>>> print(open('protein12.tsv').read())   # TSV, C-alpha atoms
chain	number	residue	atom	x	y	z
A	723	MET	CA	-17.65	-19.03	1.61
A	724	ILE	CA	-14.20	-20.55	1.13
A	725	PRO	CA	-13.74	-23.64	3.32
A	726	GLU	CA	-11.60	-23.01	6.37
A	727	THR	CA	-8.30	-24.82	6.21
A	728	THR	CA	-6.33	-26.16	9.13
A	729	HIS	CA	-3.41	-23.88	9.89
A	730	THR	CA	-1.07	-24.62	12.78
A	731	ARG	CA	0.75	-21.56	14.06
A	732	ALA	CA	4.12	-21.84	15.76
A	733	LEU	CA	4.39	-21.56	19.52
A	734	SER	CA	7.45	-19.33	19.21
A	735	PRO	CA	7.52	-16.00	17.33
A	736	ARG	CA	9.27	-15.89	13.96
A	737	VAL	CA	9.94	-12.15	14.10
A	738	ALA	CA	12.87	-10.98	16.21
A	739	SER	CA	14.09	-7.74	14.63
A	740	LEU	CA	12.05	-5.37	12.47
A	741	GLY	CA	15.22	-4.38	10.64
A	742	GLU	CA	15.30	-7.81	8.99
A	743	TYR	CA	12.20	-6.79	7.05
A	744	ALA	CA	13.24	-3.27	5.95
A	745	ILE	CA	11.01	-1.82	8.68
A	746	ASP	CA	12.18	1.28	10.53
A	747	ALA	CA	11.50	1.64	14.24
A	748	HIS	CA	10.09	5.15	13.76
A	749	ARG	CA	8.89	5.26	10.15
A	750	GLY	CA	7.52	1.73	9.88
A	751	PHE	CA	7.17	0.68	6.25
A	752	VAL	CA	8.24	4.15	5.06
A	753	PRO	CA	11.94	3.88	4.07
A	754	ALA	CA	14.43	4.62	6.83
A	755	GLU	CA	16.52	6.62	4.35
A	756	ASP	CA	14.86	9.40	2.39
A	757	PRO	CA	14.00	8.35	-1.18
A	758	VAL	CA	16.48	9.23	-3.90
A	759	ASP	CA	15.10	12.21	-5.82
A	760	ALA	CA	17.32	12.06	-8.92
A	761	LEU	CA	19.04	9.27	-10.85
A	762	PRO	CA	22.60	9.38	-12.24
A	763	ALA	CA	23.14	11.34	-15.45
A	764	ALA	CA	22.88	8.21	-17.60
A	765	TYR	CA	19.15	8.15	-16.82
A	766	ASN	CA	18.44	11.80	-17.65
A	767	PRO	CA	15.92	10.84	-20.37
A	768	TRP	CA	13.69	9.21	-17.73
A	769	GLU	CA	14.15	12.14	-15.37
A	770	GLN	CA	13.45	14.71	-18.07
A	771	VAL	CA	10.12	13.20	-19.06
A	772	GLY	CA	9.21	12.44	-15.46
A	773	ARG	CA	9.81	16.01	-14.30
A	774	ASN	CA	7.69	17.34	-17.17
A	775	ILE	CA	4.96	14.72	-16.93
A	776	THR	CA	2.19	17.19	-16.00
A	777	ALA	CA	2.91	19.58	-18.86
A	778	LEU	CA	3.29	16.70	-21.34
A	779	ILE	CA	-0.10	15.26	-20.34
A	780	MET	CA	-1.78	18.67	-20.48
A	781	THR	CA	-0.41	19.45	-23.95
A	782	GLY	CA	-1.10	15.99	-25.40
A	783	ARG	CA	2.62	15.29	-25.86
A	784	ILE	CA	3.12	12.52	-23.28
A	785	ARG	CA	2.94	9.61	-25.71
A	786	PRO	CA	5.34	11.02	-28.33
A	787	ALA	CA	7.76	12.02	-25.55
A	788	ILE	CA	7.83	8.49	-24.13
A	789	GLU	CA	8.02	6.84	-27.54
A	790	SER	CA	11.06	8.92	-28.46
A	791	MET	CA	13.06	8.09	-25.33
A	792	PRO	CA	16.18	5.94	-25.83
A	793	GLU	CA	16.04	2.37	-24.59
A	794	LEU	CA	17.97	2.26	-21.32
A	795	THR	CA	18.49	-0.67	-19.00
A	796	PRO	CA	18.38	-0.55	-15.20
A	797	ASP	CA	21.75	-2.35	-14.94
A	798	ARG	CA	23.61	0.76	-13.81
A	799	LEU	CA	21.35	1.48	-10.84
A	800	GLU	CA	23.66	0.83	-7.91
A	801	SER	CA	21.54	1.21	-4.78
A	802	CYS	CA	18.11	0.18	-3.58
A	803	GLY	CA	17.22	3.86	-3.44
A	804	GLU	CA	18.13	4.35	-7.09
A	805	GLN	CA	16.10	1.28	-8.06
A	806	GLU	CA	13.07	2.61	-6.20
A	807	ARG	CA	13.44	6.02	-7.84
A	808	ALA	CA	13.59	4.34	-11.24
A	809	MET	CA	10.57	2.19	-10.40
A	810	LEU	CA	8.60	5.30	-9.44
A	811	LEU	CA	9.60	7.07	-12.65
A	812	LEU	CA	8.90	4.16	-14.98
A	813	CYS	CA	5.58	3.25	-13.34
A	814	CYS	CA	4.37	6.84	-13.56
A	815	LEU	CA	5.48	7.07	-17.19
A	816	ALA	CA	3.68	3.81	-17.97
A	817	ASN	CA	0.39	4.88	-16.40
A	818	ALA	CA	0.69	8.35	-17.93
A	819	TYR	CA	1.16	6.73	-21.34
A	820	VAL	CA	-1.83	4.41	-20.91
A	821	TRP	CA	-4.26	6.92	-19.40
A	822	GLY	CA	-2.89	10.27	-20.59
A	823	ALA	CA	-5.00	10.55	-23.76
A	824	ASP	CA	-8.67	10.25	-24.72
A	825	ALA	CA	-8.49	6.49	-25.30
A	826	PRO	CA	-6.35	4.16	-23.16
A	827	ALA	CA	-3.34	2.60	-24.84
A	828	ARG	CA	-3.26	-1.17	-25.34
A	829	SER	CA	0.53	-1.46	-25.66
A	830	LEU	CA	3.44	0.15	-23.84
A	831	PRO	CA	6.42	1.23	-25.96
A	832	ALA	CA	9.75	-0.49	-25.43
A	833	PRO	CA	11.61	2.54	-23.94
A	834	VAL	CA	9.42	2.15	-20.85
A	835	ALA	CA	8.17	-1.43	-21.17
A	836	ARG	CA	11.50	-3.21	-21.23
A	837	PRO	CA	13.25	-1.47	-18.31
A	838	LEU	CA	10.05	-1.47	-16.24
A	839	HIS	CA	9.56	-5.20	-16.78
A	840	ASP	CA	13.23	-5.89	-15.97
A	841	LEU	CA	13.31	-3.72	-12.85
A	842	ALA	CA	10.00	-5.06	-11.52
A	843	HIS	CA	11.38	-8.58	-11.93
A	844	ARG	CA	14.48	-7.65	-9.92
A	845	LEU	CA	12.37	-6.09	-7.17
A	846	ASP	CA	9.90	-8.99	-7.31
A	847	ARG	CA	6.95	-6.63	-7.72
A	848	ALA	CA	4.25	-6.09	-10.33
A	849	PRO	CA	5.29	-3.68	-13.15
A	850	ILE	CA	2.63	-1.04	-12.51
A	851	ILE	CA	2.09	1.96	-10.26
A	852	ALA	CA	1.37	0.80	-6.72
A	853	HIS	CA	1.45	1.93	-3.10
A	854	ALA	CA	5.13	1.00	-2.68
A	855	SER	CA	6.19	3.47	-5.36
A	856	LEU	CA	3.55	6.20	-5.35
A	857	VAL	CA	3.39	6.53	-1.55
A	858	LEU	CA	6.33	4.92	0.23
A	859	ASN	CA	8.98	6.22	-2.19
A	860	ASN	CA	7.36	9.38	-3.57
A	861	TRP	CA	8.31	12.06	-1.07
A	862	ARG	CA	11.11	14.35	0.01
A	863	ARG	CA	11.71	16.47	3.06
A	864	ILE	CA	11.32	20.20	2.40
A	865	ASP	CA	14.10	20.94	4.90
A	866	ALA	CA	16.59	18.08	5.07
A	867	THR	CA	17.88	19.33	8.42
A	868	GLU	CA	14.51	18.80	10.10
A	869	PRO	CA	12.84	15.46	10.91
A	870	LEU	CA	10.28	13.87	8.62
A	871	SER	CA	6.81	15.11	9.50
A	872	MET	CA	3.61	16.11	7.76
A	873	SER	CA	4.74	19.75	7.96
A	874	ASN	CA	8.08	18.97	6.28
A	875	ILE	CA	7.20	16.85	3.27
A	876	ASP	CA	6.46	17.21	-0.42
A	877	THR	CA	5.92	14.82	-3.32
A	878	GLN	CA	8.50	13.93	-5.94
A	879	LEU	CA	6.15	13.08	-8.81
A	880	THR	CA	2.51	13.73	-9.62
A	881	PHE	CA	0.50	13.20	-12.79
A	882	LEU	CA	-1.52	16.42	-13.08
A	883	GLY	CA	-0.13	18.24	-10.05
A	884	GLY	CA	-1.98	20.49	-7.63
A	885	VAL	CA	-2.51	20.41	-3.89
A	886	ASP	CA	-5.21	17.71	-4.04
A	887	GLU	CA	-3.02	15.13	-5.76
A	888	LYS	CA	0.03	15.99	-3.70
A	889	TRP	CA	-1.91	15.75	-0.45
A	890	PHE	CA	-3.55	12.46	-1.36
A	891	TYR	CA	-0.14	10.78	-1.64
A	892	LEU	CA	1.42	12.66	1.28
A	893	ALA	CA	-1.50	12.11	3.65
A	894	THR	CA	-1.23	8.41	2.88
A	895	VAL	CA	2.41	8.61	3.97
A	896	GLY	CA	0.96	10.13	7.13
A	897	VAL	CA	-1.24	7.07	7.60
A	898	GLU	CA	1.84	4.85	7.34
A	899	LEU	CA	3.75	6.98	9.85
A	900	ALA	CA	0.80	7.00	12.26
A	901	GLY	CA	0.72	3.21	12.22
A	902	ALA	CA	4.48	2.68	12.51
A	903	GLY	CA	4.42	2.43	16.30
A	904	GLY	CA	2.03	-0.51	16.09
A	905	LEU	CA	4.52	-2.78	14.35
A	906	PRO	CA	6.86	-3.35	17.31
A	907	LEU	CA	3.77	-3.77	19.49
A	908	LEU	CA	2.52	-6.61	17.26
A	909	VAL	CA	5.87	-8.31	17.70
A	910	GLN	CA	5.83	-7.61	21.45
A	911	ALA	CA	2.38	-9.17	21.69
A	912	GLN	CA	3.52	-12.42	20.10
A	913	HIS	CA	6.62	-12.62	22.29
A	914	ALA	CA	4.58	-11.85	25.41
A	915	ALA	CA	2.05	-14.55	24.56
A	916	ALA	CA	4.80	-17.10	24.01
A	917	ALA	CA	6.35	-16.17	27.37
A	918	GLU	CA	2.97	-16.13	29.17
A	919	ASP	CA	3.75	-12.54	30.12
A	920	HIS	CA	0.22	-11.21	30.34
A	921	THR	CA	1.20	-7.81	31.68
A	922	ARG	CA	3.28	-7.08	28.57
A	923	LEU	CA	0.62	-8.61	26.34
A	924	ILE	CA	-2.08	-6.32	27.73
A	925	GLU	CA	0.31	-3.37	27.40
A	926	ALA	CA	0.92	-4.23	23.74
A	927	LEU	CA	-2.75	-4.72	22.90
A	928	LEU	CA	-3.83	-1.45	24.51
A	929	GLY	CA	-0.94	0.26	22.74
A	930	ILE	CA	-2.16	-1.14	19.43
A	931	ARG	CA	-5.63	0.23	20.14
A	932	LYS	CA	-4.15	3.69	20.72
A	933	ILE	CA	-2.06	3.49	17.54
A	934	LEU	CA	-5.11	2.49	15.49
A	935	ALA	CA	-6.98	5.52	16.76
A	936	GLY	CA	-4.13	7.64	15.44
A	937	VAL	CA	-4.29	5.84	12.09
A	938	VAL	CA	-8.00	6.71	11.85
A	939	ASP	CA	-7.18	10.38	12.48
A	940	ALA	CA	-4.47	10.27	9.80
A	941	LEU	CA	-6.86	8.63	7.33
A	942	LEU	CA	-9.50	11.30	7.87
A	943	ALA	CA	-6.84	13.98	7.39
A	944	ILE	CA	-6.84	13.11	3.68
A	945	GLU	CA	-10.01	15.20	3.44
A	946	ARG	CA	-8.19	18.31	4.62
A	947	TRP	CA	-6.63	19.13	1.23
A	948	CYS	CA	-7.95	16.49	-1.19
A	949	ASP	CA	-11.35	17.35	-2.62
A	950	PRO	CA	-13.47	14.27	-3.51
A	951	HIS	CA	-14.47	15.67	-6.91
A	952	VAL	CA	-10.84	16.37	-7.83
A	953	PHE	CA	-9.79	12.95	-6.61
A	954	TYR	CA	-12.40	11.09	-8.62
A	955	HIS	CA	-12.09	13.01	-11.87
A	956	ARG	CA	-8.40	14.02	-11.96
A	957	ILE	CA	-6.36	11.72	-9.71
A	958	ARG	CA	-8.09	8.34	-9.72
A	959	PRO	CA	-8.04	7.82	-13.52
A	960	PHE	CA	-4.22	7.68	-13.49
A	961	LEU	CA	-4.23	5.05	-10.74
A	962	MET	CA	-6.32	2.54	-12.68
A	963	GLY	CA	-5.00	-0.90	-13.56
A	964	TRP	CA	-5.02	-2.79	-16.83
A	965	SER	CA	-8.09	-4.97	-17.25
A	966	ALA	CA	-8.55	-7.73	-19.84
A	967	PRO	CA	-7.31	-8.17	-22.51
A	968	GLY	CA	-4.39	-6.51	-20.75
A	969	LEU	CA	-1.48	-4.27	-21.71
A	970	ARG	CA	1.17	-5.51	-24.11
A	971	PHE	CA	4.77	-4.68	-23.21
A	972	GLU	CA	6.62	-4.04	-26.48
A	973	GLY	CA	9.97	-5.81	-26.63
A	974	VAL	CA	9.00	-8.25	-23.87
A	975	ASP	CA	8.20	-11.79	-24.97
A	976	ARG	CA	5.05	-12.55	-23.01
A	977	GLU	CA	1.28	-12.24	-23.09
A	978	PRO	CA	-0.40	-8.90	-22.31
A	979	LEU	CA	-0.49	-8.18	-18.59
A	980	VAL	CA	-3.69	-7.78	-16.58
A	981	LEU	CA	-2.79	-5.97	-13.37
A	982	ALA	CA	-4.55	-4.15	-10.55
A	983	GLY	CA	-4.08	-0.43	-10.17
A	984	GLY	CA	-3.11	1.44	-7.03
A	985	SER	CA	-5.05	0.30	-3.97
A	986	ALA	CA	-4.98	0.86	-0.23
A	987	ALA	CA	-4.91	-2.94	0.07
A	988	GLN	CA	-1.34	-2.80	-1.25
A	989	SER	CA	-0.27	-1.16	2.01
A	990	THR	CA	1.38	-3.74	4.27
A	991	LEU	CA	0.25	-1.81	7.34
A	992	ILE	CA	-3.36	-2.97	7.65
A	993	GLN	CA	-2.52	-6.53	6.66
A	994	ALA	CA	0.12	-6.48	9.42
A	995	PHE	CA	-2.54	-5.67	12.02
A	996	ASP	CA	-4.64	-8.50	10.58
A	997	ALA	CA	-1.72	-10.92	10.82
A	998	GLY	CA	-0.72	-9.88	14.32
A	999	LEU	CA	-4.25	-9.95	15.73
A	1000	ASP	CA	-5.05	-13.16	13.84
A	1001	ILE	CA	-7.96	-11.74	11.84
A	1002	HIS	CA	-9.20	-14.37	9.38
A	1003	HIS	CA	-10.14	-13.32	5.85
A	1004	ARG	CA	-11.55	-16.41	4.21
A	1005	ASP	CA	-14.56	-15.10	2.32
A	1006	GLU	CA	-14.38	-15.22	-1.47
A	1007	LEU	CA	-14.65	-11.42	-1.50
A	1008	THR	CA	-11.56	-10.90	0.66
A	1009	THR	CA	-9.07	-13.74	0.75
A	1010	GLY	CA	-8.02	-13.85	-2.89
A	1011	PHE	CA	-7.86	-10.10	-3.27
A	1012	LEU	CA	-5.79	-9.51	-0.14
A	1013	THR	CA	-3.39	-12.32	-1.03
A	1014	GLY	CA	-3.08	-11.02	-4.58
A	1015	MET	CA	-2.24	-7.52	-3.36
A	1016	ARG	CA	0.91	-8.84	-1.71
A	1017	ALA	CA	2.52	-9.17	-5.14
A	1018	TYR	CA	2.54	-5.35	-5.21
A	1019	MET	CA	4.36	-5.02	-1.87
A	1020	PRO	CA	8.12	-4.89	-1.31
A	1021	ARG	CA	9.49	-8.39	-0.81
A	1022	PRO	CA	10.77	-7.83	2.79
A	1023	HIS	CA	7.36	-6.50	3.83
A	1024	ARG	CA	5.67	-9.60	2.43
A	1025	ARG	CA	8.03	-11.75	4.52
A	1026	PHE	CA	7.04	-9.79	7.61
A	1027	LEU	CA	3.39	-10.64	7.02
A	1028	GLU	CA	4.20	-14.29	6.44
A	1029	ASP	CA	6.29	-14.54	9.62
A	1030	LEU	CA	3.66	-12.75	11.70
A	1031	GLU	CA	1.03	-15.15	10.39
A	1032	ALA	CA	3.24	-18.12	11.24
A	1033	GLY	CA	3.84	-16.96	14.82
A	1034	PRO	CA	1.70	-17.50	17.93
A	1035	SER	CA	-2.00	-16.68	17.64
A	1036	ILE	CA	-2.79	-13.82	20.01
A	1037	HIS	CA	-6.50	-14.53	19.56
A	1038	ASP	CA	-6.19	-18.18	20.59
A	1039	HIS	CA	-3.88	-17.40	23.51
A	1040	VAL	CA	-6.27	-14.80	24.91
A	1041	ALA	CA	-9.25	-17.12	24.33
A	1042	ARG	CA	-7.58	-19.83	26.43
A	1043	HIS	CA	-7.05	-17.44	29.35
A	1044	ARG	CA	-10.09	-15.19	29.15
A	1045	ASN	CA	-11.90	-16.90	32.04
A	1046	THR	CA	-9.01	-16.47	34.47
A	1047	ARG	CA	-7.73	-13.19	33.04
A	1048	PRO	CA	-10.75	-11.30	31.65
A	1049	GLU	CA	-8.65	-8.16	31.27
A	1050	LEU	CA	-6.79	-9.98	28.48
A	1051	ALA	CA	-9.99	-10.36	26.48
A	1052	ASP	CA	-10.86	-6.71	27.13
A	1053	ALA	CA	-7.49	-5.58	25.79
A	1054	TYR	CA	-7.67	-7.88	22.75
A	1055	ASN	CA	-11.21	-6.77	21.94
A	1056	ALA	CA	-10.14	-3.13	22.24
A	1057	ALA	CA	-7.44	-3.68	19.63
A	1058	VAL	CA	-9.78	-5.56	17.29
A	1059	ASP	CA	-12.45	-2.90	17.72
A	1060	GLY	CA	-9.87	-0.27	16.78
A	1061	LEU	CA	-9.14	-2.14	13.55
A	1062	ALA	CA	-12.85	-2.50	12.81
A	1063	ARG	CA	-13.35	1.23	13.36
A	1064	LEU	CA	-10.56	1.96	10.90
A	1065	ARG	CA	-12.25	-0.21	8.31
A	1066	GLY	CA	-15.55	1.51	9.00
A	1067	GLN	CA	-14.01	4.93	8.37
A	1068	HIS	CA	-12.48	3.63	5.15
A	1069	ILE	CA	-15.95	2.55	3.98
A	1070	GLY	CA	-17.26	6.04	4.71
A	1071	MET	CA	-14.45	7.66	2.75
A	1072	THR	CA	-15.04	5.48	-0.29
A	1073	GLY	CA	-18.61	6.69	-0.27
A	1074	ARG	CA	-17.54	10.33	-0.22
A	1075	TYR	CA	-14.71	9.94	-2.72
A	1076	ILE	CA	-15.94	7.30	-5.16
A	1077	THR	CA	-19.42	5.79	-4.97
A	1078	ARG	CA	-21.26	9.13	-4.87
A	1079	PHE	CA	-19.96	9.77	-8.40
A	1080	GLU	CA	-20.76	6.35	-9.85
A	1081	HIS	CA	-23.89	4.66	-11.13
A	1082	GLY	CA	-24.81	1.28	-12.57
A	1083	GLU	CA	-22.15	-1.15	-13.77
A	1084	LYS	CA	-19.38	1.45	-13.46
A	1085	ALA	CA	-19.71	1.32	-9.68
A	1086	ALA	CA	-18.63	-2.31	-9.46
A	1087	LYS	CA	-14.84	-2.05	-9.42
A	1088	GLY	CA	-12.14	-0.05	-7.64
A	1089	THR	CA	-8.70	0.92	-8.93
A	1090	GLY	CA	-7.39	-2.35	-7.52
A	1091	GLY	CA	-9.94	-4.30	-9.57
A	1092	SER	CA	-12.12	-5.40	-6.65
A	1093	ASP	CA	-15.78	-5.06	-5.75
A	1094	PHE	CA	-14.40	-2.65	-3.21
A	1095	ILE	CA	-17.56	-1.82	-1.27
A	1096	GLY	CA	-18.40	-5.49	-0.81
A	1097	PHE	CA	-14.76	-6.17	0.00
A	1098	LEU	CA	-14.52	-3.42	2.62
A	1099	LYS	CA	-17.79	-4.36	4.31
A	1100	ARG	CA	-16.91	-8.05	4.46
A	1101	SER	CA	-13.42	-7.21	5.75
A	1102	ARG	CA	-14.98	-5.25	8.60
A	1103	GLU	CA	-17.38	-8.10	9.35
A	1104	GLU	CA	-14.53	-10.62	9.42
A	1105	THR	CA	-12.69	-8.34	11.82
A	1106	THR	CA	-15.56	-8.06	14.28
A	1107	GLU	CA	-16.15	-11.82	14.07
A	1108	ARG	CA	-12.85	-12.27	15.96
A	1109	LEU	CA	-14.10	-10.36	19.01
A	1110	LEU	CA	-14.14	-12.60	22.07
A	1111	PRO	CA	-17.36	-13.01	24.09
>>> encode(input="protein12.tsv", output="structure tokens")
Amino acid sequence: MIPETTHTRALSPRVASLGEYAIDAHRGFVPAEDPVDALPAAYNPWEQVGRNITALIMTGRIRPAIESMPELTPDRLESCGEQERAMLLLCCLANAYVWGADAPARSLPAPVARPLHDLAHRLDRAPIIAHASLVLNNWRRIDATEPLSMSNIDTQLTFLGGVDEKWFYLATVGVELAGAGGLPLLVQAQHAAAAEDHTRLIEALLGIRKILAGVVDALLAIERWCDPHVFYHRIRPFLMGWSAPGLRFEGVDREPLVLAGGSAAQSTLIQAFDAGLDIHHRDELTTGFLTGMRAYMPRPHRRFLEDLEAGPSIHDHVARHRNTRPELADAYNAAVDGLARLRGQHIGMTGRYITRFEHGEKAAKGTGGSDFIGFLKRSREETTERLLP
């Protein structure tokens, strides 16, 4: 176990407005404006290869196509939306190049490596495919006149295509949307605790419990159109990271990069519930991995986690008042139990989608590079350890 360190949380909340953290009141961490689905004409070479990525992988032409692209710079990307579109394109091209042939590549050619490295530096994110690109910014509305919903959404990019891959990314957007309503409730809970407003605190905690139940339903909906066999053998390989000795970025003066692949831990949503409910992850299996995954999140979302963690401890506030206001403890425990149930369902899904296909040493690591079964189980244990007696 990692020794517990003394951490003094502020008495007053740090978070006032969700908008300061690029969080939408209705969509949560999903962008408030629909993702850009095409870059300016100057970036047509990226778009051309990106739009043909499935056919190029299938025909064994992905590596020559990427190698022959001109070297472009991201300097002419004017908006955040254009930068995110470029990040999605370049990350998908990079992972397609590495994993799109019989043997993984050990170096990334300069036409992708240099702009990807530069753009990732500007966005302050790791230069590899991650939740922020493949989920949060990889969708479009089918009918732009209708609201965003799971019946009005499609992907922008996939590696091999097909309903299973599309639905895996889109259903994960659904998980984010299902949890969006919990974010203002986390903020409400901290403000209510600071103001000693127990009625509003109970309201927020019970609301969080209800939201988490919806997140569980959205998580299980992944199984509706994404077959476990297809996920494991056709989708998951393109989401893998770059283990030691790492991937060399041609034209970039630095050592080869060792990076985690796409992981659910890169979603800010669950870590936000941890931060707001004051769930402690201090085991060697959890703390380093969860902290490391923040490097793959958008910078404003990381700040939201940091400010939630610095604000009043809901757990400690409820613990101080549980003898005189037992309904507070009941509401807090309901919220924590909801989070534990979500983690329990995630463990079950990893069994159906991953571990049933693996044996021996191969079963040790997930796409994010973790001992994911041990990580998930310990995360659930650390969650239930915060339940109040």
>>> closest_atom_pairs(input="protein12.tsv", of="region 801-844 of chain A", to="region 857-880 of chain A", cutoff="10 Å", atoms="all atoms listed in the file", output="tab-separated table")
residue	atom	partner	partner_atom	distance
A:Gly803	CA	A:Asn859	CA	8.7
A:Glu806	CA	A:Asn859	CA	6.8
A:Arg807	CA	A:Asn859	CA	7.2
A:Met809	CA	A:Asn859	CA	9.3
A:Leu810	CA	A:Asn860	CA	7.3
A:Leu811	CA	A:Leu879	CA	7.9
A:Cys814	CA	A:Leu879	CA	8.0
>>> closest_residue(input="protein12.tsv", among="A:Val895, A:Leu778, A:Ala732, A:Ala825", to="Pro753 (chain A)", atoms="only C-alpha atoms")
A:Val895
>>> residues_near_point(input="protein12.tsv", point="(-3.7, 7.7, 7.5)", cutoff="6 Å", atoms="only C-alpha atoms", output="list in words")
Thr894, Gly896, Val897, Val937, Ala940 and Leu941 of chain A
>>> residues_around(input="protein12.tsv", residues="Ser829 (chain A)", least_positions_apart="3", cutoff="10 Å", atoms="all atoms listed in the file", output="count of residues only")
13
>>> residues_around(input="protein12.tsv", residues="Pro849 (chain A)", least_positions_apart="4", cutoff="8 Å", atoms="only C-alpha atoms", output="count of residues only")
5
>>> decode(input="protein12.tsv", residues="region 979-992 of chain A", atoms="N, CA, C and O atoms", output="PDB file, in the first residue's frame")
ATOM      1  N   LEU A 979       8.755   7.019 -27.607  1.00  0.00           N
ATOM      2  CA  LEU A 979       7.704   7.241 -26.625  1.00  0.00           C
ATOM      3  C   LEU A 979       7.039   5.932 -26.224  1.00  0.00           C
ATOM      4  O   LEU A 979       6.689   5.111 -27.080  1.00  0.00           O
ATOM      5  N   VAL A 980       6.881   5.736 -24.923  1.00  0.00           N
ATOM      6  CA  VAL A 980       6.101   4.631 -24.370  1.00  0.00           C
ATOM      7  C   VAL A 980       4.812   5.247 -23.828  1.00  0.00           C
ATOM      8  O   VAL A 980       4.840   6.039 -22.888  1.00  0.00           O
ATOM      9  N   LEU A 981       3.690   4.888 -24.445  1.00  0.00           N
ATOM     10  CA  LEU A 981       2.419   5.507 -24.086  1.00  0.00           C
ATOM     11  C   LEU A 981       1.329   4.458 -23.949  1.00  0.00           C
ATOM     12  O   LEU A 981       1.360   3.418 -24.606  1.00  0.00           O
ATOM     13  N   ALA A 982       0.357   4.748 -23.091  1.00  0.00           N
ATOM     14  CA  ALA A 982      -0.804   3.871 -22.930  1.00  0.00           C
ATOM     15  C   ALA A 982      -1.736   4.029 -24.111  1.00  0.00           C
ATOM     16  O   ALA A 982      -1.802   5.094 -24.741  1.00  0.00           O
ATOM     17  N   GLY A 983      -2.463   2.971 -24.416  1.00  0.00           N
ATOM     18  CA  GLY A 983      -3.474   3.042 -25.457  1.00  0.00           C
ATOM     19  C   GLY A 983      -4.787   3.563 -24.902  1.00  0.00           C
ATOM     20  O   GLY A 983      -4.867   4.055 -23.773  1.00  0.00           O
ATOM     21  N   GLY A 984      -5.838   3.463 -25.708  1.00  0.00           N
ATOM     22  CA  GLY A 984      -7.142   3.942 -25.280  1.00  0.00           C
ATOM     23  C   GLY A 984      -7.645   3.172 -24.069  1.00  0.00           C
ATOM     24  O   GLY A 984      -7.530   1.949 -24.007  1.00  0.00           O
ATOM     25  N   SER A 985      -8.208   3.880 -23.109  1.00  0.00           N
ATOM     26  CA  SER A 985      -8.667   3.259 -21.868  1.00  0.00           C
ATOM     27  C   SER A 985      -9.852   4.022 -21.315  1.00  0.00           C
ATOM     28  O   SER A 985      -9.921   5.255 -21.417  1.00  0.00           O
ATOM     29  N   ALA A 986     -10.786   3.288 -20.704  1.00  0.00           N
ATOM     30  CA  ALA A 986     -11.920   3.942 -20.053  1.00  0.00           C
ATOM     31  C   ALA A 986     -11.455   4.858 -18.923  1.00  0.00           C
ATOM     32  O   ALA A 986     -12.156   5.814 -18.571  1.00  0.00           O
ATOM     33  N   ALA A 987     -10.285   4.594 -18.370  1.00  0.00           N
ATOM     34  CA  ALA A 987      -9.758   5.431 -17.295  1.00  0.00           C
ATOM     35  C   ALA A 987      -9.391   6.821 -17.782  1.00  0.00           C
ATOM     36  O   ALA A 987      -9.159   7.720 -16.970  1.00  0.00           O
ATOM     37  N   GLN A 988      -9.335   7.012 -19.112  1.00  0.00           N
ATOM     38  CA  GLN A 988      -9.054   8.332 -19.660  1.00  0.00           C
ATOM     39  C   GLN A 988     -10.298   9.213 -19.701  1.00  0.00           C
ATOM     40  O   GLN A 988     -10.208  10.404 -19.992  1.00  0.00           O
ATOM     41  N   SER A 989     -11.454   8.638 -19.409  1.00  0.00           N
ATOM     42  CA  SER A 989     -12.673   9.436 -19.292  1.00  0.00           C
ATOM     43  C   SER A 989     -12.633  10.227 -17.988  1.00  0.00           C
ATOM     44  O   SER A 989     -12.381   9.664 -16.919  1.00  0.00           O
ATOM     45  N   THR A 990     -12.893  11.509 -18.069  1.00  0.00           N
ATOM     46  CA  THR A 990     -12.900  12.349 -16.864  1.00  0.00           C
ATOM     47  C   THR A 990     -14.118  12.070 -16.005  1.00  0.00           C
ATOM     48  O   THR A 990     -14.124  12.394 -14.812  1.00  0.00           O
ATOM     49  N   LEU A 991     -15.142  11.451 -16.579  1.00  0.00           N
ATOM     50  CA  LEU A 991     -16.423  11.301 -15.893  1.00  0.00           C
ATOM     51  C   LEU A 991     -16.307  10.540 -14.583  1.00  0.00           C
ATOM     52  O   LEU A 991     -16.732  11.022 -13.526  1.00  0.00           O
ATOM     53  N   ILE A 992     -15.744   9.339 -14.618  1.00  0.00           N
ATOM     54  CA  ILE A 992     -15.701   8.520 -13.410  1.00  0.00           C
ATOM     55  C   ILE A 992     -14.761   9.132 -12.381  1.00  0.00           C
ATOM     56  O   ILE A 992     -15.045   9.120 -11.174  1.00  0.00           O
TER      57      ILE A 992
END
